[in-house]
Structures are given as structure tokens and as C-alpha cells.
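Undergrad: One structure, pasted below without further comment.
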Amino acid sequence: MNSSLIIKSALRSLNNHKIRAILTTLGVIIGVVSIICVMSIGEGAKYKINKEIEKLGTNFIIVLSSPQRKLNTRGLGALATLTKADVSAIKRECSFIDKISPGIQINGKVIYERSNWRTVIGASNEHYQDIREFKMLDGKFFSAEDVRASSKVAVLGYVLAKELFGTESPLGKKIRIRNRPFVIIGVLDELGKRPDGTDQDDVVMIPITTMVKRIRKGVEHYGAILISAKNPSVIQEASAEIRSILRQSRKLSDNQEDDFTVFSQKDIANASNAAAAVLNLLLFIVASISLIVGGIGIMNIMLVTVTERTREIGIRMAIGATTSNILSQFLLESVTLCLTGGLVGVLLGITGAKLISIFLGWPIFISIKSIVVSMLSTVLIGVFFGYYPAYQASQLKPVEALIEK
Amino acid sequence: MEAENKTSLIYARDVTKTFIMGDNELQALKGVSLSIDAGEFVALTGFSGSGKSTLIHLLGCLDIPTTGHYAIDGIDVSSASRDELARVRNQKIGFVFQKFHLLPDLDACNNVALPMLYAGVSEDKARIHATKLLSDVGLENRTDHFPYQLSGGEQQRVAIARSLANNPSIILADEPTGNLDMATGDVIMNIFADLNKNKGCTIILVTHEPSIAAKTKRIIELIDGKIVKDFKAGNS
């Protein structure tokens with residue numbers, strides 16, 4: 001008995017019980033749809049995260065003043081312990097670096113006339129724009145001269161400029177930061193949100209010297225040091241060298257842990273991707289559970305089918321069907337049922353993923369992998385959950401099956 | 001009795017069958033010995049509960065005896081495995097049932113072709129042979145009809161065509177006219193008689209109607225799980 005014939009008869013019996021087939025496969029369909037959506041969204045998220053991280057600058061290294069194990073609890077540069085000496089040591093000794101800028105970041109209010117806005121006040125030297133590869137929307141970034149003179153100039157992030165000035169040009173306008181007057185000399189181009197949701201455009205940048213003298217009252221401790229490597233290929237070497245320079249300059253003995261953290265753009269990308277991968281795995285597990293529940297539905301209905309078709313099984317046995325003929329017939333029916341559900345699920349899943357991408361404005365990649373994975377799992381589900389009912393059918397006794405009422 | 005002839009097509013010796021129903025044992029066959037040669041046309045008669053259905057199930061290899069020996073066409077099947085029995089049923093035996101037992105999802109041609117497909121015959125060949133068998137029973141215009149589109153007599157003729165599919169050694173018919181009116185029953189009996197007379201088919205049919213039994217050549221009567229009469233009928 002060849003399998004194309006069994007598949008034909010399986011399709012015919014599905015066709016004879018349409019509503020039942022649809023209800024039975026619904027579980028599988030939902031499972032496949034969720035797997036495809038989850039995997040597509042996951043791929044999209046990965047792409048988006050990498051795009052965002054590229055925006056940090058491609059050969060960008062950041063030194064944070066917290067040890068790595070405290071990063072999560074303290075946030076970026078909560079405790080500023082990096083010093084001018086650290087910056088000079090890196091500048092002097094590291095052979096891979098191009099530009100370097102100390103950084104301080106605090107929260108504060110920015111006031112323009114009668115409107116005010118709570119935002120992030122960032123301070124750096126004139127190299128920051130180059131290190132981060134920022135583009136200017138309007139005006140210019142502060143110069144080396146501004147930094148040397150501790151000028152009271154400010155560069156606004158895109159969102160902050162919008163909030164305070166609307167359509168008006170902010171250039172030359174005076175704002176107050178922590179009650180000190182600053183003149184706006186530039187507006188940064190839009191960067192977008194970070195993967196963690198913080199808005200990189202909701203910021204005001206001022207010269208580091210101005211921050212130290214006029215806001216920090218002379219305390220010259222930095223929360224971060226931002227560095228660009230000579231080119232992206234030496235990032236790893238640069239990070240390693242910076243670390244050993246800092247250990248020396250901070251006089252850490254061999255058995256002491258780093259009291260700072262060196263991150264490259266690549267490290268951030270890896271960390272973010274690892275976090276995304278964990279999330280994707282969790283979502284994938286949830287989606288798989290729905291597929292398994294679907295499989296249980298298949299098993300349930302196949303058991304009913306076997307009971308209903310006891311007479312048919314008896315007849316087939318009487319005319320010579322072997323145990324394996326009956327087993328493969330019901331197994332193939334269950335696989336056909338699952339595969340049909342899988343195909344419908346793939347089509348709905350692609351549609352669903354597209355809809356999600358439209359509604360969330362999130363890039364979606366429908367990967368061949370997700371389609372192959374879900375089709376393969378439906379076949380496996382069909383075999384796994386179809387086996388028990390099919391086995392039951394094949395073990396019926398011919399006489400009993402024939403005289404069954 | 002000729003039960004000692006081991007070269008017979010059907011050879012049963014001291015066959016018993018006991019069913020266990022809960023705490024009770026029911027002995028349906030209490031030592032049956034018989035042999036049937038190729039070309040015979042036999043009626044198996046007896047009242048309901050006499051054990052004739054049990055006997056036909058054993059003869060048809062749908063079940064195995066509790067004790068005793070049974071061989072068909074020289075193959076001892078007393079202790080055969082499920083799949084060996086399935087092969088014997090497929091190759092050596094053609095069944096015709098009281099309730100026709102066609103598969104409702106298959107048309108007449110596919111119903112007849114099915115035993116051949118189980119035997120490994122290709123689909124095309126099976127369908128060609130099935131069409132021929134259907135025209136032999138006068139159903140050449142019904143090959144693509146489904147069972148529900150056929151009358152009882154037509155369904156039974158499809159079942160007869162199916163029983164002949166693999167050119168079996170023996171045809172077992174269990175009350176083949178039981179669900180049919182007299183006239184249609186006569187048509188079916190004539191087909192059996194014709195198969196026996198002109199094609200040399202060996203046929204055993206179970207019936208409780210003396211008028212049907214009278215149309216065969218040999219009558220075996222069972223009472224209470226034992227053969228009580230075995231004689232040649234008027235037709236021989």
C-alpha cells in the first residue's frame with residue numbers, strides 16, 4: 001500500500017469532516033502562527049538593536065566609573081570616580097586611540113522663558129561629537145576654545161529642541177540650566193530611542209569645563225570616559241590596553257577587581273543581543289507550548305476517530321491490512337492533519353507578522369528558518385501525538401472490530 | 001467424515017474456542033474437526049449461538065483457535081502471528097459479509113481494488129482488475145459509485161467482486177443474503193453458484209435458512225459448538 005494513496009484517503013476523510021478538521025487543527029494553527037510571529041519579531045528586534053548600537057559609533061569605547069557587577073544597580077556613571085589623571089594616562093599611553101573625551105551626566109531642569117523641561121545634562125569636550133559620530137541638524141558643536149574658556153554654551157538634543165522651541169530656531173536663544181544662563185549654539189540631529197526605551201534625543205550637552213566649574217563647583221570627577229579607536233578593527237586591543245592603563249593609573253593591586261568598566265560598542269551589541277536572545281527564547285517556549293497543546297488536541301480527536309472507525313479498521317484487517325498498514329494509515333492522517341494546520345499557520349503567521357510590523361512600526365524579518373522550524377515541528381507533533389491513537393487502532397482484534405456495533 | 005485428509009484445502013482438527021467473559025468461560029466450539037476440498041460449495045448451518053459464526057471467523061483466520069489445529073491450503077495457522085494471519089486473509093481468503101462492509105469513503109472500484117493494494121499491486125493494475133471484477137458481477141456502470149449510491153444487492157455484488165480481488169483459495173460468506181429481499185438474495189446465490197460451477201471457486205457460506213443451504217452441495221450443521229450433521233445436499 002503506497003503512501004500517496006494513504007495521503008489521498010487521509011485528505012478525503014479530512015474533507016468529509018471539515019468543521020472537525022478545522023477545530024482540531026486550530027491549536028496547531030495558533031501554535032505555528034505564534035512561532036512565526038515570535039521568531040520574526042525576534043529577528044526584527046535583533047536588527048533594530050544592532051542599528052541602534054551602530055548609532056553609538058562604530059569604533060566607540062566607553063569607560064564607566066562603576067565596576068561591572070554594580071552597573072545594573074547604579075546606572076551609568078552614578079558615582080563619578082574617574083579622574084583627569086585617568087584621562088591623561090589613556091591619552092598618553094594608549095596607542096590605539098584617536099580621540100578621547102571625559103563625560104559627566106546629571107539630571108536637571110532646562111528653562112526657556114516660561115517653559116521648562118526635565119532632561120539629561122551631559123558634559124564632554126569638543127571631541128564628543130566626533131567620537132559618537134553625531135550629525136548636527138543646525139548650528140555647530142562646541143569648540144576646543146569653548147571648552148578651554150568654560151563657555152556657557154549649550155547644544156540641544158533633537159527632542160529637547162522640539163519641546164522647548166517648537167518650530168522656532170533655538171540658535172542664539174538663552175536658556176537656563178540649573179539657574180545659570182547658556183546660549184544655544186547647535187542642535188543635534190535625531191538619533192531615536194535606545195533599545196531600552198531611553199530617548200537619546202532628550203539631552204542638552206555643555207562643555208565639561210563649564211560643568212565642572214559652574215555646576216559641580218570644581219569637583220573634577222567623571223562618570224565616564226568616551227574614546228574612539230583609530231579604526232574599528234583595533235577595538236578589542238584598544239579596550240584591553242585601556243583596561244591595563246587604568247588599573248595602573250588607579251593603582252589597583254593584582255588581586256583587586258576593576259573599579260571601572262570598559263565597554264566597546266561590540267560588547268554592548270553582544271550584551272544587548274544576549275538579552276534579546278533570552279527574551280526570544282522565552283517567547284519561543286511559550287509559542288511552543290501552544291503548539292504542544294495543539295498536538296494534544298490532535299491526539300484527542302484521533303482517539304475519537306479510531307473509536308468511530310473501528311468497523312472500518314475491522315474491514316481493512318479482514319481484507320488483509322497488516323498492523324503496520326493500519327498504523328501508518330492513522331499516523332499519516334494525523335501528520336496530514338498537522339501539516340495542513342502548519343501550512344495554514346504559516347500563511348496566517350506571515351500575515352500576522354506583517355500586521356504587527358505595520359502597527360508597531362517595528363522591522364520584521366520572516367525568516368525561512370522560522371517556517372522550516374514550524375513545519376518540521378508540526379510533522380513531529382503529528383507523529384508524536386498521532387502514534388498512540390494509531391497504535392491503538394493497529395492493535396484492535398479483527399473479529400471484535402468487525403462485529404462492533 | 002473425511003476429516004483425516006491432510007491435503008484438503010481446509011483442514012481442522014479438534015478445534016476449540018473458549019471466550020472469557022468476566023468470570024465466566026464460554027466454550028463456543030467444543031472440538032470441531034472437518035476438511036473441505038478445493039471446488040466444494042458448503043453451507044454451514046445452525047441456530048444462533050450454535051458456534052457457526054465463531055467457526056467461520058476461525059476458518060477466515062480472523063481469530064485463532066484456543067486448542068486444536070487448523071490449516072488452510074497447507075499452511076498451519078493455529079498459532080500464527082497477527083501479520084501472518086493478515087497475509088493469509090489477504091491472499092487465501094475472500095470475505096462476503098451480511099452487512100456488506102464496504103468502506104463508505106471509497107467508490108466501488110476502490111473498494112474492490114483495496115485488497116490488491118494491501119497485496120502490493122500497483123494502483124493502476126489494481127483499478128483495471130477491479131473494473132473487470134465489477135463487470136463480471138454486472139456492475140460495469142457502477143464503478144465510480146459510492147456505497148450509499150448503491151442498492152443492497154449492488155453493494156453485495158461489489159463485496160463479492162472485492163472477495164475475488166486476490167484470486168483467493170476460498171470464499172467465506174457470512175449470511176450473505178441476510179440483509180436482502182428474496183429476489184435479490186436469489187441473484188446473489190446464483191452468482192455464488194456460478195462462481196463455484198464455472199470458475200471452480202471453493203465457497204463456504206453461513207446461513208440459518210434451509211432454502212439457501214439447499215442451493216449448496218454440502219451441508220454442515222452445528223449445534224452447541226459441535227458438528228452434528230455433515231451431508232451432501234441435493235445439488236451435488
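Letters A, B, ... go to the chains of the C-alpha cells in the order shown; residues in each chain start at 1; ligands are counted from 1 in the same order.
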List as JSON lines every residue of chain B that is in contact with chain A, defined as an atom at most 10 Å from one of its atoms (using only C-alpha atoms), together with the nearest atom pair and the distance in Å rounded to one decimal, sorted by chain and then rising number.
TA:
```
{"residue": "B:Thr54", "atom": "CA", "partner": "A:Val399", "partner_atom": "CA", "distance": 9.2}
{"residue": "B:His57", "atom": "CA", "partner": "A:Val399", "partner_atom": "CA", "distance": 7.1}
{"residue": "B:Leu58", "atom": "CA", "partner": "A:Val399", "partner_atom": "CA", "distance": 9.6}
{"residue": "B:Gly60", "atom": "CA", "partner": "A:Ala318", "partner_atom": "CA", "distance": 8.4}
{"residue": "B:Cys61", "atom": "CA", "partner": "A:Ala318", "partner_atom": "CA", "distance": 8.6}
{"residue": "B:Leu62", "atom": "CA", "partner": "A:Pro398", "partner_atom": "CA", "distance": 5.8}
{"residue": "B:Asp63", "atom": "CA", "partner": "A:Val399", "partner_atom": "CA", "distance": 6.8}
{"residue": "B:Arg82", "atom": "CA", "partner": "A:Thr323", "partner_atom": "CA", "distance": 7.4}
{"residue": "B:Asp83", "atom": "CA", "partner": "A:Thr322", "partner_atom": "CA", "distance": 5.4}
{"residue": "B:Glu84", "atom": "CA", "partner": "A:Thr322", "partner_atom": "CA", "distance": 8.5}
{"residue": "B:Leu85", "atom": "CA", "partner": "A:Gly320", "partner_atom": "CA", "distance": 8.3}
{"residue": "B:Ala86", "atom": "CA", "partner": "A:Gly320", "partner_atom": "CA", "distance": 4.8}
{"residue": "B:Arg87", "atom": "CA", "partner": "A:Gly320", "partner_atom": "CA", "distance": 5.9}
{"residue": "B:Val88", "atom": "CA", "partner": "A:Gly320", "partner_atom": "CA", "distance": 7.5}
{"residue": "B:Arg89", "atom": "CA", "partner": "A:Gly320", "partner_atom": "CA", "distance": 5.3}
{"residue": "B:Asn90", "atom": "CA", "partner": "A:Gly320", "partner_atom": "CA", "distance": 3.9}
{"residue": "B:Gln91", "atom": "CA", "partner": "A:Gly320", "partner_atom": "CA", "distance": 7.7}
{"residue": "B:Lys92", "atom": "CA", "partner": "A:Gly320", "partner_atom": "CA", "distance": 9.8}
{"residue": "B:Ile93", "atom": "CA", "partner": "A:Ile319", "partner_atom": "CA", "distance": 8.0}
{"residue": "B:Gly94", "atom": "CA", "partner": "A:Ile319", "partner_atom": "CA", "distance": 7.2}
{"residue": "B:Phe95", "atom": "CA", "partner": "A:Ile319", "partner_atom": "CA", "distance": 7.2}
{"residue": "B:Phe97", "atom": "CA", "partner": "A:Ile315", "partner_atom": "CA", "distance": 9.7}
{"residue": "B:Phe100", "atom": "CA", "partner": "A:Ile315", "partner_atom": "CA", "distance": 9.9}
{"residue": "B:His101", "atom": "CA", "partner": "A:Ile315", "partner_atom": "CA", "distance": 6.5}
{"residue": "B:Leu102", "atom": "CA", "partner": "A:Ile315", "partner_atom": "CA", "distance": 7.7}
{"residue": "B:Leu103", "atom": "CA", "partner": "A:Glu312", "partner_atom": "CA", "distance": 6.4}
{"residue": "B:Pro104", "atom": "CA", "partner": "A:Glu312", "partner_atom": "CA", "distance": 8.6}
{"residue": "B:Asp105", "atom": "CA", "partner": "A:Ser13", "partner_atom": "CA", "distance": 7.4}
{"residue": "B:Leu106", "atom": "CA", "partner": "A:Ser9", "partner_atom": "CA", "distance": 8.4}
{"residue": "B:Leu114", "atom": "CA", "partner": "A:Ile319", "partner_atom": "CA", "distance": 8.0}
{"residue": "B:Pro115", "atom": "CA", "partner": "A:Ile319", "partner_atom": "CA", "distance": 5.6}
{"residue": "B:Met116", "atom": "CA", "partner": "A:Met1", "partner_atom": "CA", "distance": 8.6}
{"residue": "B:Leu117", "atom": "CA", "partner": "A:Met1", "partner_atom": "CA", "distance": 5.0}
{"residue": "B:Tyr118", "atom": "CA", "partner": "A:Met1", "partner_atom": "CA", "distance": 5.0}
{"residue": "B:Ala119", "atom": "CA", "partner": "A:Met1", "partner_atom": "CA", "distance": 7.3}
{"residue": "B:Gly120", "atom": "CA", "partner": "A:Met1", "partner_atom": "CA", "distance": 5.7}
{"residue": "B:Val121", "atom": "CA", "partner": "A:Met1", "partner_atom": "CA", "distance": 7.9}
{"residue": "B:Ser122", "atom": "CA", "partner": "A:Met1", "partner_atom": "CA", "distance": 8.3}
{"residue": "B:Glu123", "atom": "CA", "partner": "A:Leu5", "partner_atom": "CA", "distance": 8.4}
{"residue": "B:Arg162", "atom": "CA", "partner": "A:Ile319", "partner_atom": "CA", "distance": 8.6}
{"residue": "B:Ser163", "atom": "CA", "partner": "A:Ile319", "partner_atom": "CA", "distance": 7.9}
{"residue": "B:Ala165", "atom": "CA", "partner": "A:Ile319", "partner_atom": "CA", "distance": 9.6}
{"residue": "B:Asn166", "atom": "CA", "partner": "A:Ile319", "partner_atom": "CA", "distance": 9.7}
```
Undergrad: Save out the residues we just selected, C-alpha atoms, as a PDB file, in the first residue's frame.
TA:
```pdb
ATOM      1  CA  THR B  54     -17.082 -18.433  15.659  1.00  0.00           C
ATOM      2  CA  HIS B  57     -14.083 -16.450  11.995  1.00  0.00           C
ATOM      3  CA  LEU B  58     -11.544 -19.184  12.685  1.00  0.00           C
ATOM      4  CA  GLY B  60     -11.332 -16.987   7.910  1.00  0.00           C
ATOM      5  CA  CYS B  61      -8.204 -16.501  10.008  1.00  0.00           C
ATOM      6  CA  LEU B  62      -9.784 -13.548  11.793  1.00  0.00           C
ATOM      7  CA  ASP B  63      -9.013 -15.376  15.031  1.00  0.00           C
ATOM      8  CA  ARG B  82      -1.212 -11.169  13.583  1.00  0.00           C
ATOM      9  CA  ASP B  83       0.637 -10.231  10.439  1.00  0.00           C
ATOM     10  CA  GLU B  84       0.890 -13.817   9.188  1.00  0.00           C
ATOM     11  CA  LEU B  85      -2.881 -14.098   9.628  1.00  0.00           C
ATOM     12  CA  ALA B  86      -3.317 -10.772   7.804  1.00  0.00           C
ATOM     13  CA  ARG B  87      -1.278 -12.108   4.874  1.00  0.00           C
ATOM     14  CA  VAL B  88      -3.299 -15.334   4.738  1.00  0.00           C
ATOM     15  CA  ARG B  89      -6.568 -13.364   4.816  1.00  0.00           C
ATOM     16  CA  ASN B  90      -5.286 -11.134   2.050  1.00  0.00           C
ATOM     17  CA  GLN B  91      -4.022 -13.925  -0.235  1.00  0.00           C
ATOM     18  CA  LYS B  92      -6.127 -17.002   0.500  1.00  0.00           C
ATOM     19  CA  ILE B  93      -9.488 -15.771   1.710  1.00  0.00           C
ATOM     20  CA  GLY B  94     -12.241 -13.600   0.291  1.00  0.00           C
ATOM     21  CA  PHE B  95     -14.916 -12.384   2.706  1.00  0.00           C
ATOM     22  CA  PHE B  97     -20.433 -10.188   4.981  1.00  0.00           C
ATOM     23  CA  PHE B 100     -21.682  -5.855   3.003  1.00  0.00           C
ATOM     24  CA  HIS B 101     -18.953  -3.985   4.924  1.00  0.00           C
ATOM     25  CA  LEU B 102     -17.824  -1.757   2.109  1.00  0.00           C
ATOM     26  CA  LEU B 103     -15.746   1.296   3.059  1.00  0.00           C
ATOM     27  CA  PRO B 104     -18.108   4.263   2.804  1.00  0.00           C
ATOM     28  CA  ASP B 105     -15.416   6.751   1.728  1.00  0.00           C
ATOM     29  CA  LEU B 106     -14.311   4.700  -1.279  1.00  0.00           C
ATOM     30  CA  LEU B 114      -8.160  -2.253  -1.807  1.00  0.00           C
ATOM     31  CA  PRO B 115      -7.191  -5.922  -1.105  1.00  0.00           C
ATOM     32  CA  MET B 116      -4.881  -5.758  -4.127  1.00  0.00           C
ATOM     33  CA  LEU B 117      -3.287  -2.560  -2.836  1.00  0.00           C
ATOM     34  CA  TYR B 118      -2.654  -4.267   0.501  1.00  0.00           C
ATOM     35  CA  ALA B 119      -1.075  -7.091  -1.501  1.00  0.00           C
ATOM     36  CA  GLY B 120       1.320  -4.572  -3.062  1.00  0.00           C
ATOM     37  CA  VAL B 121      -0.249  -4.419  -6.535  1.00  0.00           C
ATOM     38  CA  SER B 122       0.210  -1.047  -8.225  1.00  0.00           C
ATOM     39  CA  GLU B 123      -2.732   1.330  -8.158  1.00  0.00           C
ATOM     40  CA  ARG B 162     -13.849  -7.492  -3.655  1.00  0.00           C
ATOM     41  CA  SER B 163     -13.672 -11.010  -2.203  1.00  0.00           C
ATOM     42  CA  ALA B 165      -9.706  -9.481  -5.835  1.00  0.00           C
ATOM     43  CA  ASN B 166      -6.606 -11.513  -4.987  1.00  0.00           C
TER      44      ASN B 166
END
```
Undergrad: Excluding Arg243 of chain A and its own-chain neighbours fewer than 3 positions away, which residues fall within 9 Å of it when counting only C-alpha atoms? Please give them as a ChimeraX atom specification.
TA: /A:63,238-240,246-248,258,260-262
Undergrad: Write the selection just made, keeping C-alpha atoms, as a PDB file, in the first residue's frame?
TA:
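Below is the file part-v8.pdb, written as the result:
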```pdb
ATOM      1  CA  VAL A  63      34.844  53.608  30.308  1.00  0.00           C
ATOM      2  CA  ALA A 238      42.268  49.197  22.490  1.00  0.00           C
ATOM      3  CA  SER A 239      39.782  48.052  25.165  1.00  0.00           C
ATOM      4  CA  ALA A 240      42.328  45.677  26.659  1.00  0.00           C
ATOM      5  CA  LEU A 246      43.537  52.321  34.084  1.00  0.00           C
ATOM      6  CA  ARG A 247      44.476  49.568  36.521  1.00  0.00           C
ATOM      7  CA  GLN A 248      47.918  51.118  36.759  1.00  0.00           C
ATOM      8  CA  ASP A 258      38.426  46.570  38.372  1.00  0.00           C
ATOM      9  CA  PHE A 260      35.604  50.651  36.453  1.00  0.00           C
ATOM     10  CA  THR A 261      34.167  49.030  33.329  1.00  0.00           C
ATOM     11  CA  VAL A 262      35.448  49.209  29.785  1.00  0.00           C
TER      12      VAL A 262
END
```
Undergrad: Set the distance at 7 Å and use only C-alpha atoms: which residues neighbour segment 227-231 of chain A once local chain neighbours fewer than 3 positions away are removed? I'd like the list as a PyMOL selection string.
TA: chain A and resi 59-62+96-101+131+234-235+238
Undergrad: Using DSSP on the backbone coordinates, identify all residues within chain B classified as helix (DSSP H, G or I); present the result as number ranges by chain.
TA: B: 52-59, 82-92, 108-118, 123-136, 147-149, 152-163, 182-199, 210-213
Undergrad: For those residues, write C-alpha atoms to a file as a compact mmCIF listing (two decimals), in the first residue's frame.
TA:
```txt
# COMPACT_ATOMS: atom_id res chain seq x y z
CA LYS B 52 -21.16 -21.14 13.36
CA SER B 53 -20.01 -17.51 13.42
CA THR B 54 -17.08 -18.43 15.66
CA LEU B 55 -16.18 -21.24 13.28
CA ILE B 56 -16.31 -19.03 10.22
CA HIS B 57 -14.08 -16.45 11.99
CA LEU B 58 -11.54 -19.18 12.68
CA LEU B 59 -11.79 -20.57 9.16
CA ARG B 82 -1.21 -11.17 13.58
CA ASP B 83 0.64 -10.23 10.44
CA GLU B 84 0.89 -13.82 9.19
CA LEU B 85 -2.88 -14.10 9.63
CA ALA B 86 -3.32 -10.77 7.80
CA ARG B 87 -1.28 -12.11 4.87
CA VAL B 88 -3.30 -15.33 4.74
CA ARG B 89 -6.57 -13.36 4.82
CA ASN B 90 -5.29 -11.13 2.05
CA GLN B 91 -4.02 -13.92 -0.23
CA LYS B 92 -6.13 -17.00 0.50
CA ALA B 108 -16.95 0.70 -5.83
CA CYS B 109 -13.76 0.43 -7.88
CA ASN B 110 -11.51 1.49 -4.98
CA ASN B 111 -13.34 -0.84 -2.58
CA VAL B 112 -12.60 -3.76 -4.89
CA ALA B 113 -9.02 -2.58 -5.51
CA LEU B 114 -8.16 -2.25 -1.81
CA PRO B 115 -7.19 -5.92 -1.11
CA MET B 116 -4.88 -5.76 -4.13
CA LEU B 117 -3.29 -2.56 -2.84
CA TYR B 118 -2.65 -4.27 0.50
CA GLU B 123 -2.73 1.33 -8.16
CA ASP B 124 -3.24 1.27 -11.93
CA LYS B 125 -3.21 -2.51 -12.22
CA ALA B 126 -5.49 -2.85 -9.20
CA ARG B 127 -8.03 -0.47 -10.69
CA ILE B 128 -8.01 -2.23 -14.07
CA HIS B 129 -8.56 -5.63 -12.43
CA ALA B 130 -11.20 -4.18 -10.09
CA THR B 131 -13.13 -2.81 -13.07
CA LYS B 132 -13.07 -6.24 -14.69
CA LEU B 133 -14.28 -7.96 -11.49
CA LEU B 134 -17.10 -5.42 -11.19
CA SER B 135 -18.22 -6.06 -14.75
CA ASP B 136 -18.16 -9.83 -14.03
CA PRO B 147 -21.74 2.58 -1.35
CA TYR B 148 -24.51 4.99 -0.30
CA GLN B 149 -25.42 5.37 -4.01
CA GLY B 152 -28.23 -3.53 -1.08
CA GLY B 153 -27.94 -6.11 -3.85
CA GLU B 154 -25.45 -3.95 -5.71
CA GLN B 155 -23.38 -3.42 -2.57
CA GLN B 156 -23.27 -7.17 -2.01
CA ARG B 157 -22.14 -7.70 -5.58
CA VAL B 158 -19.35 -5.14 -5.03
CA ALA B 159 -18.42 -7.12 -1.90
CA ILE B 160 -18.30 -10.35 -3.93
CA ALA B 161 -16.09 -8.66 -6.52
CA ARG B 162 -13.85 -7.49 -3.65
CA SER B 163 -13.67 -11.01 -2.20
CA MET B 182 -35.76 -12.86 -1.57
CA ALA B 183 -35.36 -11.91 -5.22
CA THR B 184 -32.04 -10.09 -4.64
CA GLY B 185 -30.90 -12.94 -2.41
CA ASP B 186 -31.52 -15.34 -5.29
CA VAL B 187 -29.41 -13.18 -7.60
CA ILE B 188 -26.54 -13.29 -5.09
CA MET B 189 -26.90 -17.06 -4.62
CA ASN B 190 -26.83 -17.53 -8.39
CA ILE B 191 -23.58 -15.58 -8.55
CA PHE B 192 -22.08 -17.88 -5.90
CA ALA B 193 -23.36 -21.00 -7.69
CA ASP B 194 -21.94 -19.70 -10.96
CA LEU B 195 -18.58 -18.93 -9.37
CA ASN B 196 -18.45 -22.45 -7.95
CA LYS B 197 -19.64 -24.20 -11.08
CA ASN B 198 -17.86 -22.30 -13.80
CA LYS B 199 -14.79 -20.86 -12.05
CA PRO B 210 -32.67 -24.16 4.84
CA SER B 211 -33.73 -22.80 1.43
CA ILE B 212 -30.35 -21.10 0.99
CA ALA B 213 -28.45 -24.11 2.32
```
Undergrad: Using only C-alpha atoms, which of the listed residues (B:Ile204, B:Ala80, B:Met21, B:Ile64) sits closest to Ile219 of chain B?
TA: B:Ile204
Undergrad: For Ile364 of chain A, which residue out of A:Met205, A:Ile36, A:Ile30, A:Leu11 is the nearest one, using only C-alpha atoms?
TA: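 Among A:Met205, A:Ile36, A:Ile30, A:Leu11, it is A:Ile36 that comes nearest to Ile364 of chain A.
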Undergrad: Can you measure atom CA of Ala275 of chain A to atom CA of Ile41 of chain A for me? One decimal in Å is fine.
TA: 14.4 Å
Undergrad: Show which residues sit within 7 Å of Phe41 of chain B, as a ChimeraX atom specification. Count only C-alpha atoms, and ignore same-chain residues fewer than 5 positions away.
TA: /B:196,202-204,216-218
Undergrad: Could you name the residues that touch His208 of chain B at 7 Å or less, counting only C-alpha atoms, but leaving out those on the same chain fewer than 6 positions away, as number ranges by chain?
TA: B: 45-47
Undergrad: Store the residues picked out above in a file with C-alpha atoms, as a PDB file, in the first residue's frame.
TA:
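File written: again_6.pdb
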```pdb
ATOM      1  CA  THR B  45     -25.913 -24.034   9.277  1.00  0.00           C
ATOM      2  CA  GLY B  46     -27.147 -23.971  12.806  1.00  0.00           C
ATOM      3  CA  PHE B  47     -29.206 -21.879  15.166  1.00  0.00           C
TER       4      PHE B  47
END
```
Undergrad: Skipping near chain neighbours, those fewer than 4 positions away, what residues fall within 7 Å of Tyr70 of chain B using only C-alpha atoms, listed as a ChimeraX atom specification?
TA: /B:11-13,76-78
Undergrad: Please report the interatomic distance between atom CA of Ile225 of chain A and atom CA of Asn125 of chain A in Å with one decimal.
TA: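 Interatomic distance, atom CA of Ile225 of chain A to atom CA of Asn125 of chain A: 10.5 Å.
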Undergrad: Which residue is closest to Ser35 of chain B? Choose from B:Val96, B:Val228, B:Leu222, B:Ile72 and count only C-alpha atoms.
TA: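 Nearest candidate to Ser35 of chain B out of B:Val96, B:Val228, B:Leu222, B:Ile72: B:Ile72.
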Undergrad: When DSSP is applied to the backbone of this structure, which of segment 215-277 of chain A are assigned strand (DSSP E or B)? Write them out as an mmCIF file with N, CA and C atoms, in the first residue's frame.
TA:
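Below is the file that was written, result.cif:
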```cif
data_model
loop_
_atom_site.group_PDB
_atom_site.id
_atom_site.type_symbol
_atom_site.label_atom_id
_atom_site.label_comp_id
_atom_site.auth_asym_id
_atom_site.auth_seq_id
_atom_site.Cartn_x
_atom_site.Cartn_y
_atom_site.Cartn_z
ATOM 1 N N HIS A 221 35.453 65.046 38.845
ATOM 2 C CA HIS A 221 35.349 63.598 38.739
ATOM 3 C C HIS A 221 34.382 63.265 37.633
ATOM 4 N N TYR A 222 34.780 62.296 36.815
ATOM 5 C CA TYR A 222 33.955 61.976 35.657
ATOM 6 C C TYR A 222 33.214 60.667 35.873
ATOM 7 N N ALA A 224 32.246 58.995 33.184
ATOM 8 C CA ALA A 224 32.597 58.163 32.030
ATOM 9 C C ALA A 224 33.730 58.794 31.248
ATOM 10 N N ILE A 225 34.444 57.968 30.520
ATOM 11 C CA ILE A 225 35.406 58.469 29.545
ATOM 12 C C ILE A 225 35.031 57.849 28.211
ATOM 13 N N LEU A 226 34.895 58.710 27.189
ATOM 14 C CA LEU A 226 34.485 58.219 25.878
ATOM 15 C C LEU A 226 35.673 58.294 24.938
ATOM 16 N N ILE A 227 35.894 57.223 24.200
ATOM 17 C CA ILE A 227 37.099 57.112 23.398
ATOM 18 C C ILE A 227 36.731 56.574 22.024
ATOM 19 N N SER A 228 37.395 57.125 20.985
ATOM 20 C CA SER A 228 37.264 56.472 19.682
ATOM 21 C C SER A 228 38.590 55.817 19.347
ATOM 22 N N ALA A 229 38.495 54.589 18.807
ATOM 23 C CA ALA A 229 39.710 53.886 18.411
ATOM 24 C C ALA A 229 40.150 54.396 17.044
ATOM 25 N N THR A 261 34.536 49.997 34.369
ATOM 26 C CA THR A 261 34.167 49.030 33.329
ATOM 27 C C THR A 261 34.510 49.604 31.971
ATOM 28 N N VAL A 262 35.173 48.790 31.160
ATOM 29 C CA VAL A 262 35.448 49.209 29.785
ATOM 30 C C VAL A 262 34.492 48.457 28.864
ATOM 31 N N PHE A 263 33.746 49.236 28.121
ATOM 32 C CA PHE A 263 32.783 48.676 27.160
ATOM 33 C C PHE A 263 33.161 49.102 25.761
ATOM 34 N N SER A 264 33.139 48.174 24.822
ATOM 35 C CA SER A 264 33.221 48.642 23.442
ATOM 36 C C SER A 264 31.821 48.553 22.854
#
```
Undergrad: Would you mind reading off the distance between atom CA of Thr7 of chain B and atom CA of Thr67 of chain B, one decimal, in Å?
TA: 20.7 Å
